[in-house]
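Engineer: Enclosed is the structure file model_22.txt (compact mmCIF, N, CA and C atoms and all ligand atoms).
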# COMPACT_ATOMS: atom_id res chain seq x y z
N MET A 1012 0.83 -1.22 0.00
CA MET A 1012 0.00 0.00 0.00
C MET A 1012 0.86 1.26 0.00
N ALA A 1013 1.82 1.27 0.93
CA ALA A 1013 2.73 2.42 1.02
C ALA A 1013 3.53 2.57 -0.26
N ARG A 1014 3.88 1.41 -0.84
CA ARG A 1014 4.65 1.44 -2.09
C ARG A 1014 3.82 2.07 -3.21
N ASN A 1015 2.52 1.70 -3.29
CA ASN A 1015 1.63 2.25 -4.30
C ASN A 1015 1.47 3.75 -4.15
N LEU A 1016 1.40 4.20 -2.91
CA LEU A 1016 1.28 5.65 -2.66
C LEU A 1016 2.52 6.39 -3.13
N GLY A 1017 3.66 5.74 -2.88
CA GLY A 1017 4.94 6.34 -3.32
C GLY A 1017 4.97 6.49 -4.83
N ILE A 1018 4.52 5.44 -5.54
CA ILE A 1018 4.51 5.49 -7.02
C ILE A 1018 3.54 6.56 -7.50
N ALA A 1019 2.38 6.63 -6.85
CA ALA A 1019 1.38 7.64 -7.25
C ALA A 1019 1.94 9.05 -7.04
N ALA A 1020 2.66 9.24 -5.94
CA ALA A 1020 3.24 10.57 -5.68
C ALA A 1020 4.27 10.93 -6.74
N MET A 1021 5.07 9.92 -7.10
CA MET A 1021 6.09 10.17 -8.14
C MET A 1021 5.44 10.51 -9.47
N ALA A 1022 4.34 9.79 -9.80
CA ALA A 1022 3.62 10.04 -11.05
C ALA A 1022 3.04 11.44 -11.06
N MET A 1023 2.50 11.85 -9.90
CA MET A 1023 1.93 13.21 -9.79
C MET A 1023 3.01 14.26 -10.01
N GLU A 1024 4.16 13.98 -9.39
CA GLU A 1024 5.29 14.92 -9.50
C GLU A 1024 5.74 15.06 -10.96
N LEU A 1025 5.79 13.89 -11.63
CA LEU A 1025 6.21 13.89 -13.04
C LEU A 1025 5.21 14.65 -13.89
N MET A 1026 3.93 14.40 -13.68
CA MET A 1026 2.88 15.08 -14.43
C MET A 1026 2.98 16.59 -14.25
N GLU A 1027 3.19 16.96 -13.00
CA GLU A 1027 3.28 18.39 -12.67
C GLU A 1027 4.45 19.03 -13.40
N SER A 1028 5.61 18.33 -13.38
CA SER A 1028 6.80 18.92 -14.02
C SER A 1028 6.61 19.01 -15.53
N LEU A 1029 5.91 18.00 -16.11
CA LEU A 1029 5.68 18.02 -17.56
C LEU A 1029 4.73 19.16 -17.94
N LEU A 1030 3.76 19.40 -17.10
CA LEU A 1030 2.79 20.45 -17.40
C LEU A 1030 3.38 21.84 -17.23
N LEU A 1031 4.28 21.97 -16.28
CA LEU A 1031 4.83 23.29 -16.00
C LEU A 1031 6.08 23.61 -16.81
N ARG A 1032 6.70 22.56 -17.37
CA ARG A 1032 7.98 22.78 -18.08
C ARG A 1032 7.78 23.63 -19.34
N LYS A 1033 8.73 24.55 -19.56
CA LYS A 1033 8.68 25.37 -20.77
C LYS A 1033 9.08 24.51 -21.97
N PRO A 1034 8.40 24.60 -23.11
CA PRO A 1034 8.79 23.77 -24.25
C PRO A 1034 10.21 24.08 -24.72
N ALA A 1035 10.90 23.05 -25.19
CA ALA A 1035 12.28 23.24 -25.68
C ALA A 1035 12.27 23.88 -27.06
N THR A 1036 11.17 23.74 -27.78
CA THR A 1036 11.10 24.29 -29.14
C THR A 1036 10.46 25.68 -29.12
N VAL A 1037 10.69 26.43 -30.19
CA VAL A 1037 10.07 27.75 -30.30
C VAL A 1037 9.26 27.82 -31.59
N MET A 1038 8.44 28.84 -31.72
CA MET A 1038 7.57 28.97 -32.89
C MET A 1038 8.34 29.60 -34.05
N TYR A 1039 9.35 28.89 -34.55
CA TYR A 1039 10.13 29.38 -35.68
C TYR A 1039 9.24 29.44 -36.94
N PRO A 1040 9.32 30.43 -37.78
CA PRO A 1040 10.26 31.55 -37.77
C PRO A 1040 9.78 32.80 -37.03
N ILE A 1041 8.62 32.71 -36.38
CA ILE A 1041 8.15 33.88 -35.65
C ILE A 1041 9.11 34.20 -34.51
N GLU A 1042 9.54 33.14 -33.85
CA GLU A 1042 10.49 33.29 -32.75
C GLU A 1042 11.80 32.62 -33.16
N ARG A 1043 12.92 33.28 -32.88
CA ARG A 1043 14.22 32.71 -33.29
C ARG A 1043 15.15 32.61 -32.09
N LEU A 1044 15.87 31.49 -32.02
CA LEU A 1044 16.89 31.35 -30.99
C LEU A 1044 18.21 31.81 -31.56
N SER A 1045 19.07 32.33 -30.73
CA SER A 1045 20.41 32.75 -31.17
C SER A 1045 21.34 31.55 -31.19
N PRO A 1046 22.05 31.32 -32.30
CA PRO A 1046 22.99 30.20 -32.31
C PRO A 1046 24.13 30.46 -31.32
N PRO A 1047 24.79 29.41 -30.85
CA PRO A 1047 25.90 29.61 -29.91
C PRO A 1047 27.06 30.38 -30.54
N GLU A 1048 27.90 30.93 -29.71
CA GLU A 1048 29.02 31.80 -30.14
C GLU A 1048 29.87 31.16 -31.25
N ARG A 1049 30.18 29.89 -31.10
CA ARG A 1049 31.09 29.24 -32.06
C ARG A 1049 30.35 28.48 -33.16
N PHE A 1050 29.10 28.83 -33.38
CA PHE A 1050 28.28 28.18 -34.42
C PHE A 1050 28.91 28.44 -35.80
N ARG A 1051 28.93 27.41 -36.65
CA ARG A 1051 29.48 27.60 -38.00
C ARG A 1051 28.33 27.73 -38.99
N GLY A 1052 28.02 28.98 -39.32
CA GLY A 1052 26.97 29.26 -40.29
C GLY A 1052 27.60 29.65 -41.62
N ARG A 1053 27.06 30.68 -42.23
CA ARG A 1053 27.55 31.10 -43.56
C ARG A 1053 29.05 31.38 -43.51
N LEU A 1054 29.77 30.85 -44.48
CA LEU A 1054 31.22 31.05 -44.55
C LEU A 1054 31.53 32.44 -45.09
N ARG A 1055 32.53 33.08 -44.53
CA ARG A 1055 32.94 34.40 -45.01
C ARG A 1055 34.41 34.34 -45.43
N TYR A 1056 34.66 34.83 -46.62
CA TYR A 1056 36.04 34.86 -47.14
C TYR A 1056 36.48 36.30 -47.27
N ASP A 1057 37.62 36.62 -46.67
CA ASP A 1057 38.16 37.98 -46.75
C ASP A 1057 39.47 37.91 -47.55
N PRO A 1058 39.45 38.44 -48.78
CA PRO A 1058 40.64 38.29 -49.63
C PRO A 1058 41.81 39.19 -49.24
N SER A 1059 41.61 40.13 -48.33
CA SER A 1059 42.65 41.13 -48.10
C SER A 1059 43.97 40.54 -47.62
N GLU A 1060 43.94 39.46 -46.85
CA GLU A 1060 45.18 38.86 -46.35
C GLU A 1060 45.51 37.53 -47.04
N CYS A 1061 44.64 37.08 -47.91
CA CYS A 1061 44.82 35.76 -48.53
C CYS A 1061 46.07 35.73 -49.40
N SER A 1062 46.89 34.70 -49.20
CA SER A 1062 48.12 34.58 -49.98
C SER A 1062 47.98 33.57 -51.11
N LEU A 1063 46.76 33.06 -51.33
CA LEU A 1063 46.49 32.07 -52.37
C LEU A 1063 47.34 30.81 -52.19
N CYS A 1064 47.63 30.47 -50.95
CA CYS A 1064 48.53 29.34 -50.67
C CYS A 1064 47.91 28.00 -51.04
N GLY A 1065 46.59 27.91 -51.03
CA GLY A 1065 45.94 26.67 -51.43
C GLY A 1065 45.69 25.68 -50.31
N LEU A 1066 46.06 26.02 -49.08
CA LEU A 1066 45.86 25.06 -47.98
C LEU A 1066 44.39 24.74 -47.76
N CYS A 1067 43.54 25.74 -47.90
CA CYS A 1067 42.09 25.51 -47.68
C CYS A 1067 41.57 24.52 -48.70
N GLN A 1068 42.01 24.67 -49.94
CA GLN A 1068 41.57 23.74 -50.99
C GLN A 1068 42.09 22.33 -50.71
N ARG A 1069 43.34 22.25 -50.32
CA ARG A 1069 43.95 20.94 -50.07
C ARG A 1069 43.23 20.19 -48.95
N ASP A 1070 42.83 20.92 -47.91
CA ASP A 1070 42.29 20.26 -46.72
C ASP A 1070 40.78 20.10 -46.72
N CYS A 1071 40.08 20.75 -47.62
CA CYS A 1071 38.61 20.66 -47.62
C CYS A 1071 38.17 19.23 -47.98
N PRO A 1072 37.47 18.54 -47.10
CA PRO A 1072 37.08 17.16 -47.39
C PRO A 1072 35.96 17.04 -48.41
N ALA A 1073 35.28 18.14 -48.70
CA ALA A 1073 34.11 18.06 -49.60
C ALA A 1073 34.40 18.68 -50.96
N ASP A 1074 35.66 19.05 -51.18
CA ASP A 1074 36.06 19.59 -52.48
C ASP A 1074 35.25 20.83 -52.87
N VAL A 1075 35.08 21.69 -51.91
CA VAL A 1075 34.27 22.90 -52.11
C VAL A 1075 35.10 24.04 -52.72
N ILE A 1076 36.36 24.11 -52.33
CA ILE A 1076 37.16 25.31 -52.63
C ILE A 1076 38.11 25.06 -53.80
N LYS A 1077 38.14 26.04 -54.68
CA LYS A 1077 39.12 26.00 -55.77
C LYS A 1077 39.91 27.30 -55.72
N VAL A 1078 41.23 27.16 -55.63
CA VAL A 1078 42.09 28.34 -55.62
C VAL A 1078 42.67 28.50 -57.03
N VAL A 1079 42.34 29.59 -57.65
CA VAL A 1079 42.82 29.86 -59.02
C VAL A 1079 43.84 30.98 -58.93
N ARG A 1080 45.03 30.74 -59.42
CA ARG A 1080 46.06 31.78 -59.32
C ARG A 1080 46.96 31.76 -60.54
N LYS A 1081 47.51 32.88 -60.85
CA LYS A 1081 48.43 32.96 -61.99
C LYS A 1081 49.39 34.11 -61.79
N ARG A 1082 50.53 33.98 -62.43
CA ARG A 1082 51.51 35.05 -62.35
C ARG A 1082 51.27 35.99 -63.53
N VAL A 1083 51.25 37.25 -63.25
CA VAL A 1083 51.11 38.23 -64.34
C VAL A 1083 52.33 39.15 -64.32
N GLU A 1084 52.72 39.57 -65.51
CA GLU A 1084 53.88 40.44 -65.61
C GLU A 1084 53.42 41.88 -65.56
N LYS A 1085 54.05 42.67 -64.72
CA LYS A 1085 53.68 44.08 -64.62
C LYS A 1085 54.45 44.89 -65.65
N GLU A 1086 54.09 46.16 -65.78
CA GLU A 1086 54.73 47.02 -66.79
C GLU A 1086 56.23 47.13 -66.58
N ASP A 1087 56.65 47.12 -65.31
CA ASP A 1087 58.08 47.26 -65.03
C ASP A 1087 58.83 45.93 -65.17
N GLY A 1088 58.19 44.92 -65.67
CA GLY A 1088 58.86 43.65 -65.93
C GLY A 1088 58.81 42.68 -64.76
N THR A 1089 58.46 43.15 -63.57
CA THR A 1089 58.37 42.24 -62.42
C THR A 1089 57.07 41.44 -62.51
N LYS A 1090 57.07 40.32 -61.81
CA LYS A 1090 55.88 39.48 -61.84
C LYS A 1090 55.17 39.52 -60.51
N GLU A 1091 53.88 39.34 -60.55
CA GLU A 1091 53.14 39.24 -59.30
C GLU A 1091 52.06 38.17 -59.43
N MET A 1092 51.70 37.63 -58.28
CA MET A 1092 50.70 36.56 -58.25
C MET A 1092 49.32 37.19 -58.06
N THR A 1093 48.39 36.74 -58.82
CA THR A 1093 47.03 37.22 -58.66
C THR A 1093 46.08 36.02 -58.78
N GLY A 1094 44.86 36.19 -58.39
CA GLY A 1094 43.93 35.07 -58.50
C GLY A 1094 42.69 35.27 -57.68
N HIS A 1095 41.97 34.20 -57.50
CA HIS A 1095 40.74 34.27 -56.72
C HIS A 1095 40.38 32.90 -56.17
N LEU A 1096 39.43 32.88 -55.30
CA LEU A 1096 38.92 31.61 -54.76
C LEU A 1096 37.50 31.41 -55.23
N GLU A 1097 37.15 30.16 -55.50
CA GLU A 1097 35.78 29.82 -55.85
C GLU A 1097 35.27 28.80 -54.84
N PHE A 1098 34.04 28.98 -54.41
CA PHE A 1098 33.43 28.09 -53.41
C PHE A 1098 32.13 27.52 -53.98
N GLU A 1099 32.01 26.21 -53.97
CA GLU A 1099 30.73 25.58 -54.33
C GLU A 1099 30.04 25.23 -53.01
N MET A 1100 29.34 26.19 -52.48
CA MET A 1100 28.85 26.08 -51.10
C MET A 1100 27.73 25.05 -50.90
N ASP A 1101 27.14 24.58 -51.99
CA ASP A 1101 26.10 23.56 -51.80
C ASP A 1101 26.69 22.23 -51.35
N ARG A 1102 28.01 22.09 -51.47
CA ARG A 1102 28.65 20.85 -51.03
C ARG A 1102 29.25 20.96 -49.63
N CYS A 1103 29.29 22.16 -49.10
CA CYS A 1103 29.96 22.40 -47.81
C CYS A 1103 29.25 21.66 -46.68
N VAL A 1104 30.05 21.03 -45.82
CA VAL A 1104 29.48 20.33 -44.66
C VAL A 1104 29.75 21.11 -43.36
N PHE A 1105 30.27 22.32 -43.50
CA PHE A 1105 30.51 23.22 -42.36
C PHE A 1105 31.38 22.57 -41.28
N CYS A 1106 32.37 21.84 -41.74
CA CYS A 1106 33.26 21.17 -40.77
C CYS A 1106 34.24 22.16 -40.14
N GLY A 1107 34.52 23.26 -40.82
CA GLY A 1107 35.42 24.27 -40.26
C GLY A 1107 36.88 24.04 -40.57
N GLN A 1108 37.20 23.01 -41.33
CA GLN A 1108 38.60 22.68 -41.59
C GLN A 1108 39.31 23.80 -42.36
N CYS A 1109 38.63 24.43 -43.30
CA CYS A 1109 39.26 25.49 -44.11
C CYS A 1109 39.70 26.64 -43.22
N ALA A 1110 38.85 27.03 -42.29
CA ALA A 1110 39.20 28.14 -41.38
C ALA A 1110 40.35 27.72 -40.48
N TYR A 1111 40.37 26.47 -40.07
CA TYR A 1111 41.43 25.95 -39.21
C TYR A 1111 42.76 25.92 -39.97
N SER A 1112 42.71 25.56 -41.25
CA SER A 1112 43.94 25.43 -42.04
C SER A 1112 44.50 26.78 -42.47
N CYS A 1113 43.65 27.77 -42.61
CA CYS A 1113 44.10 29.06 -43.13
C CYS A 1113 44.88 29.82 -42.07
N ASN A 1114 46.15 30.07 -42.36
CA ASN A 1114 46.97 30.78 -41.36
C ASN A 1114 46.92 32.29 -41.53
N LYS A 1115 46.06 32.76 -42.41
CA LYS A 1115 45.90 34.20 -42.61
C LYS A 1115 44.58 34.70 -42.02
N GLY A 1116 43.78 33.82 -41.52
CA GLY A 1116 42.49 34.23 -40.95
C GLY A 1116 41.52 34.72 -42.01
N SER A 1117 41.72 34.25 -43.25
CA SER A 1117 40.88 34.75 -44.35
C SER A 1117 39.51 34.08 -44.39
N ILE A 1118 39.39 32.92 -43.76
CA ILE A 1118 38.10 32.23 -43.78
C ILE A 1118 37.56 32.18 -42.35
N THR A 1119 36.36 32.67 -42.20
CA THR A 1119 35.70 32.64 -40.89
C THR A 1119 34.24 32.21 -41.12
N PHE A 1120 33.55 31.97 -40.04
CA PHE A 1120 32.14 31.58 -40.14
C PHE A 1120 31.27 32.59 -39.42
N THR A 1121 30.16 32.93 -40.04
CA THR A 1121 29.19 33.79 -39.39
C THR A 1121 28.20 32.87 -38.65
N ARG A 1122 27.26 33.48 -37.97
CA ARG A 1122 26.24 32.66 -37.29
C ARG A 1122 24.93 32.62 -38.07
N GLU A 1123 25.02 33.03 -39.35
CA GLU A 1123 23.82 32.98 -40.21
C GLU A 1123 23.52 31.53 -40.59
N PHE A 1124 22.31 31.09 -40.38
CA PHE A 1124 21.99 29.69 -40.66
C PHE A 1124 20.86 29.50 -41.66
N GLU A 1125 20.23 30.57 -42.07
CA GLU A 1125 19.13 30.42 -43.05
C GLU A 1125 19.73 30.55 -44.44
N LEU A 1126 20.21 29.45 -44.97
CA LEU A 1126 21.02 29.49 -46.18
C LEU A 1126 20.35 28.85 -47.40
N ALA A 1127 19.08 28.50 -47.27
CA ALA A 1127 18.41 27.82 -48.39
C ALA A 1127 18.33 28.73 -49.61
N GLN A 1128 18.49 28.15 -50.77
CA GLN A 1128 18.40 28.89 -52.02
C GLN A 1128 17.56 28.10 -53.01
N GLY A 1129 16.97 28.81 -53.95
CA GLY A 1129 16.11 28.14 -54.93
C GLY A 1129 16.86 27.54 -56.09
N SER A 1130 18.13 27.91 -56.22
CA SER A 1130 18.88 27.43 -57.37
C SER A 1130 20.32 27.16 -56.95
N ARG A 1131 20.90 26.13 -57.56
CA ARG A 1131 22.28 25.73 -57.20
C ARG A 1131 23.27 26.86 -57.49
N ASP A 1132 23.01 27.60 -58.56
CA ASP A 1132 23.93 28.69 -58.95
C ASP A 1132 24.14 29.68 -57.82
N LEU A 1133 23.11 29.85 -57.02
CA LEU A 1133 23.20 30.85 -55.95
C LEU A 1133 24.13 30.41 -54.81
N PHE A 1134 24.58 29.17 -54.85
CA PHE A 1134 25.53 28.69 -53.84
C PHE A 1134 26.98 28.91 -54.27
N MET A 1135 27.17 29.35 -55.51
CA MET A 1135 28.53 29.53 -56.01
C MET A 1135 29.05 30.88 -55.56
N MET A 1136 30.17 30.87 -54.92
CA MET A 1136 30.79 32.13 -54.47
C MET A 1136 32.12 32.28 -55.18
N LYS A 1137 32.38 33.46 -55.68
CA LYS A 1137 33.67 33.71 -56.30
C LYS A 1137 34.18 35.04 -55.76
N SER A 1138 35.43 35.03 -55.33
CA SER A 1138 35.95 36.28 -54.80
C SER A 1138 37.33 36.55 -55.32
N GLU A 1139 37.54 37.73 -55.81
CA GLU A 1139 38.87 38.12 -56.25
C GLU A 1139 39.76 38.23 -55.04
N SER A 1140 40.99 37.81 -55.19
CA SER A 1140 41.94 37.96 -54.08
C SER A 1140 42.79 39.19 -54.35
N ALA A 1141 43.23 39.81 -53.28
CA ALA A 1141 44.15 40.93 -53.44
C ALA A 1141 45.45 40.37 -54.04
N ASN A 1142 46.15 41.18 -54.80
CA ASN A 1142 47.43 40.71 -55.35
C ASN A 1142 48.37 40.35 -54.22
N VAL A 1143 49.13 39.31 -54.42
CA VAL A 1143 50.06 38.89 -53.37
C VAL A 1143 51.47 38.83 -53.92
N ASP A 1144 52.41 38.88 -53.03
CA ASP A 1144 53.81 38.81 -53.40
C ASP A 1144 54.12 37.46 -54.07
N ASP A 1145 54.78 37.51 -55.19
CA ASP A 1145 55.13 36.31 -55.94
C ASP A 1145 55.82 35.26 -55.07
N GLU A 1146 56.63 35.71 -54.14
CA GLU A 1146 57.42 34.79 -53.32
C GLU A 1146 56.54 33.92 -52.42
N GLU A 1147 55.34 34.38 -52.14
CA GLU A 1147 54.50 33.64 -51.19
C GLU A 1147 53.96 32.34 -51.77
N CYS A 1148 53.90 32.26 -53.10
CA CYS A 1148 53.36 31.05 -53.72
C CYS A 1148 54.47 30.38 -54.51
N ASP A 1149 54.56 29.08 -54.41
CA ASP A 1149 55.69 28.41 -55.04
C ASP A 1149 55.31 27.62 -56.28
N VAL A 1150 54.12 27.77 -56.76
CA VAL A 1150 53.76 27.06 -57.99
C VAL A 1150 53.31 28.08 -59.03
N ASP A 1151 53.31 27.64 -60.25
CA ASP A 1151 53.03 28.56 -61.35
C ASP A 1151 51.84 28.07 -62.17
N THR A 1152 50.88 27.50 -61.53
CA THR A 1152 49.74 26.93 -62.24
C THR A 1152 48.54 27.84 -62.12
N ASP A 1153 47.59 27.65 -63.00
CA ASP A 1153 46.39 28.46 -62.95
C ASP A 1153 45.47 28.00 -61.83
N VAL A 1154 45.40 26.68 -61.64
CA VAL A 1154 44.57 26.15 -60.57
C VAL A 1154 45.46 25.34 -59.65
N VAL A 1155 45.32 25.55 -58.38
CA VAL A 1155 46.16 24.81 -57.42
C VAL A 1155 45.88 23.32 -57.58
N PRO A 1156 46.94 22.51 -57.79
CA PRO A 1156 46.70 21.08 -58.07
C PRO A 1156 46.20 20.34 -56.82
S1 LIG B 1201 42.01 31.46 -47.76
FE1 LIG B 1201 43.77 31.02 -46.42
S2 LIG B 1201 44.29 28.87 -46.80
FE2 LIG B 1201 42.96 29.56 -48.49
S3 LIG B 1201 44.37 30.23 -50.09
FE3 LIG B 1201 43.85 32.05 -48.88
S4 LIG B 1201 45.48 32.18 -47.29
FE4 LIG B 1201 45.57 30.11 -48.17
S1 LIG B 1202 33.70 24.12 -43.89
FE1 LIG B 1202 34.61 22.12 -44.43
S2 LIG B 1202 33.44 21.45 -46.21
FE2 LIG B 1202 33.01 23.63 -45.97
S3 LIG B 1202 34.47 24.67 -47.31
FE3 LIG B 1202 35.41 24.57 -45.27
S4 LIG B 1202 36.63 22.67 -45.26
FE4 LIG B 1202 35.21 22.55 -46.99
Written as structure tokens, how would this file's structure read?
Ligand code: SF4
Ligand code: SF4
Structural biologist:
Amino acid sequence: MARNLGIAAMAMELMESLLLRKPATVMYPIERLSPPERFRGRLRYDPSECSLCGLCQRDCPADVIKVVRKRVEKEDGTKEMTGHLEFEMDRCVFCGQCAYSCNKGSITFTREFELAQGSRDLFMMKSESANVDDEECDVDTDVVP
């Protein structure tokens, strides 16, 4: 008898906590939760410090990044490296490896998470890179192998 009363009390307690508990979900999109500080949302590429080294392309497990670079001859006869990065963001798994590999801090992640698009083309990102010193890159190819 005492045992049954104990179980009934526990059941009442559980019912009470379930009824009073705030739901874990929210009425999205009317209500939005803030992603955590280190959330990896939309990728941001800043070409200002990028040396076109190709490490991000080499380490990306999803083959998202293509580093295109070439040497151009200036009027004074000296050569300089120029190029850009291309991102096929529909393949990105947001693992963060590119940002980890980049020693220039050129790749970071925002906390934007509403990234759906109606067309695959809209996931393609292309960014010109600032010209970099020829010495920083040791290959002479158009696309980093
Ligand atoms: S973004 Fe970083 S890792 Fe990628 S090419 Fe530029 S400097 Fe290198
Ligand atoms: S987050 Fe991962 S999958 Fe996405 S571009 Fe960077 S390395 Fe590639």
Engineer: Given only C-alpha atoms, how would the per-residue table for range 1093-1148 of chain A near range 1054-1060 of chain A read, listing every residue at most 8 Å away with its closest atom pair and distance in Å to one decimal, sorted by chain and number, as a Markdown table?
Structural biologist:
| residue | atom | partner | partner_atom | distance |
| --- | --- | --- | --- | --- |
| A:Lys1115 | CA | A:Glu1060 | CA | 6.0 |
| A:Gly1116 | CA | A:Glu1060 | CA | 7.6 |
| A:Ser1117 | CA | A:Asp1057 | CA | 4.9 |
| A:Ile1118 | CA | A:Tyr1056 | CA | 4.7 |
| A:Thr1119 | CA | A:Arg1055 | CA | 5.3 |
| A:Phe1120 | CA | A:Leu1054 | CA | 4.5 |
| A:Thr1121 | CA | A:Leu1054 | CA | 6.2 |
| A:Ser1138 | CA | A:Pro1058 | CA | 7.3 |
| A:Glu1139 | CA | A:Pro1058 | CA | 6.9 |
| A:Ser1140 | CA | A:Pro1058 | CA | 4.6 |
| A:Ala1141 | CA | A:Ser1059 | CA | 5.6 |
Engineer: Excluding Arg1082 in chain A and any residue of its chain fewer than 5 positions from it, enumerate the residues within 6 Å of it, using all atoms listed in the file, and give them as a PyMOL selection string.
Structural biologist: chain A and resi 1091-1093
Engineer: Extract the full set of alpha helix (DSSP H) residues from chain A according to DSSP on the backbone, and format it as a PyMOL selection string.
Structural biologist: chain A and resi 1013-1031+1066-1070+1108-1112
Engineer: Report as a PDB file with N, CA and C atoms, keeping the file's coordinate frame which protein, DNA and RNA residues come within 7 Å of ligand LIG 1202 (chain B), using only C-alpha atoms and all ligand atoms.
Structural biologist:
ATOM      1  N   CYS A1067      43.540  25.740 -47.900  1.00  0.00           N
ATOM      2  CA  CYS A1067      42.090  25.510 -47.680  1.00  0.00           C
ATOM      3  C   CYS A1067      41.570  24.520 -48.700  1.00  0.00           C
ATOM      4  N   ASP A1070      42.830  20.920 -47.910  1.00  0.00           N
ATOM      5  CA  ASP A1070      42.290  20.260 -46.720  1.00  0.00           C
ATOM      6  C   ASP A1070      40.780  20.100 -46.720  1.00  0.00           C
ATOM      7  N   CYS A1071      40.080  20.750 -47.620  1.00  0.00           N
ATOM      8  CA  CYS A1071      38.610  20.660 -47.620  1.00  0.00           C
ATOM      9  C   CYS A1071      38.170  19.230 -47.980  1.00  0.00           C
ATOM     10  N   PRO A1072      37.470  18.540 -47.100  1.00  0.00           N
ATOM     11  CA  PRO A1072      37.080  17.160 -47.390  1.00  0.00           C
ATOM     12  C   PRO A1072      35.960  17.040 -48.410  1.00  0.00           C
ATOM     13  N   ALA A1073      35.280  18.140 -48.700  1.00  0.00           N
ATOM     14  CA  ALA A1073      34.110  18.060 -49.600  1.00  0.00           C
ATOM     15  C   ALA A1073      34.400  18.680 -50.960  1.00  0.00           C
ATOM     16  N   ASP A1074      35.660  19.050 -51.180  1.00  0.00           N
ATOM     17  CA  ASP A1074      36.060  19.590 -52.480  1.00  0.00           C
ATOM     18  C   ASP A1074      35.250  20.830 -52.870  1.00  0.00           C
ATOM     19  N   VAL A1075      35.080  21.690 -51.910  1.00  0.00           N
ATOM     20  CA  VAL A1075      34.270  22.900 -52.110  1.00  0.00           C
ATOM     21  C   VAL A1075      35.100  24.040 -52.720  1.00  0.00           C
ATOM     22  N   ILE A1076      36.360  24.110 -52.330  1.00  0.00           N
ATOM     23  CA  ILE A1076      37.160  25.310 -52.630  1.00  0.00           C
ATOM     24  C   ILE A1076      38.110  25.060 -53.800  1.00  0.00           C
ATOM     25  N   MET A1100      29.340  26.190 -52.480  1.00  0.00           N
ATOM     26  CA  MET A1100      28.850  26.080 -51.100  1.00  0.00           C
ATOM     27  C   MET A1100      27.730  25.050 -50.900  1.00  0.00           C
ATOM     28  N   ARG A1102      28.010  22.090 -51.470  1.00  0.00           N
ATOM     29  CA  ARG A1102      28.650  20.850 -51.030  1.00  0.00           C
ATOM     30  C   ARG A1102      29.250  20.960 -49.630  1.00  0.00           C
ATOM     31  N   CYS A1103      29.290  22.160 -49.100  1.00  0.00           N
ATOM     32  CA  CYS A1103      29.960  22.400 -47.810  1.00  0.00           C
ATOM     33  C   CYS A1103      29.250  21.660 -46.680  1.00  0.00           C
ATOM     34  N   VAL A1104      30.050  21.030 -45.820  1.00  0.00           N
ATOM     35  CA  VAL A1104      29.480  20.330 -44.660  1.00  0.00           C
ATOM     36  C   VAL A1104      29.750  21.110 -43.360  1.00  0.00           C
ATOM     37  N   PHE A1105      30.270  22.320 -43.500  1.00  0.00           N
ATOM     38  CA  PHE A1105      30.510  23.220 -42.360  1.00  0.00           C
ATOM     39  C   PHE A1105      31.380  22.570 -41.280  1.00  0.00           C
ATOM     40  N   CYS A1106      32.370  21.840 -41.740  1.00  0.00           N
ATOM     41  CA  CYS A1106      33.260  21.170 -40.770  1.00  0.00           C
ATOM     42  C   CYS A1106      34.240  22.160 -40.140  1.00  0.00           C
ATOM     43  N   GLY A1107      34.520  23.260 -40.820  1.00  0.00           N
ATOM     44  CA  GLY A1107      35.420  24.270 -40.260  1.00  0.00           C
ATOM     45  C   GLY A1107      36.880  24.040 -40.570  1.00  0.00           C
ATOM     46  N   GLN A1108      37.200  23.010 -41.330  1.00  0.00           N
ATOM     47  CA  GLN A1108      38.600  22.680 -41.590  1.00  0.00           C
ATOM     48  C   GLN A1108      39.310  23.800 -42.360  1.00  0.00           C
ATOM     49  N   CYS A1109      38.630  24.430 -43.300  1.00  0.00           N
ATOM     50  CA  CYS A1109      39.260  25.490 -44.110  1.00  0.00           C
ATOM     51  C   CYS A1109      39.700  26.640 -43.220  1.00  0.00           C
ATOM     52  N   ALA A1110      38.850  27.030 -42.290  1.00  0.00           N
ATOM     53  CA  ALA A1110      39.200  28.140 -41.380  1.00  0.00           C
ATOM     54  C   ALA A1110      40.350  27.720 -40.480  1.00  0.00           C
TER      55      ALA A1110
END
Engineer: Report as AutoDock Vina command-line options the centre and the edge lengths, in Å to one decimal, of the axis-aligned box holding every listed atom of ligand LIG 1201 (chain B), padded by 3 Å on each side.
Structural biologist:
--center_x 43.8 --center_y 30.5 --center_z -48.3 --size_x 9.6 --size_y 9.3 --size_z 9.7
Engineer: So how far away is atom C of Arg1043 in chain A from atom N of Arg1122 in chain A, in Å?
Structural biologist: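 These two atoms are separated by 13.5 Å.
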Engineer: Just the number, please: distance in Å from CA of Cys1061 in chain A to CA of Ser1130 in chain A, one decimal.
Structural biologist: 28.6 Å
Engineer: One decimal, Å: what's the distance from CA of Asn1114 in chain A over to atom FE1 of ligand LIG 1201 (chain B), could you say?
Structural biologist: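 Calculated distance between CA of Asn1114 in chain A and atom FE1 of ligand LIG 1201 (chain B) is 6.0 Å.
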Engineer: Extract, using all atoms listed in the file, all DNA, RNA and protein residues at most 6 Å from Lys1077 in chain A, discarding same-chain residues fewer than 4 positions from it, and format them as a list in words.
Structural biologist: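 What passes the distance filter is Gln1068, His1095, Leu1096, Glu1097 and Phe1098 of chain A.
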Engineer: Filtering to N, CA and C atoms, could you give me those residues as a compact mmCIF listing (two decimals), in the coordinates of the input?
Structural biologist:
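Heads up, here's the output in result.txt:
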# COMPACT_ATOMS: atom_id res chain seq x y z
N GLN A 1068 42.01 24.67 -49.94
CA GLN A 1068 41.57 23.74 -50.99
C GLN A 1068 42.09 22.33 -50.71
N HIS A 1095 41.97 34.20 -57.50
CA HIS A 1095 40.74 34.27 -56.72
C HIS A 1095 40.38 32.90 -56.17
N LEU A 1096 39.43 32.88 -55.30
CA LEU A 1096 38.92 31.61 -54.76
C LEU A 1096 37.50 31.41 -55.23
N GLU A 1097 37.15 30.16 -55.50
CA GLU A 1097 35.78 29.82 -55.85
C GLU A 1097 35.27 28.80 -54.84
N PHE A 1098 34.04 28.98 -54.41
CA PHE A 1098 33.43 28.09 -53.41
C PHE A 1098 32.13 27.52 -53.98
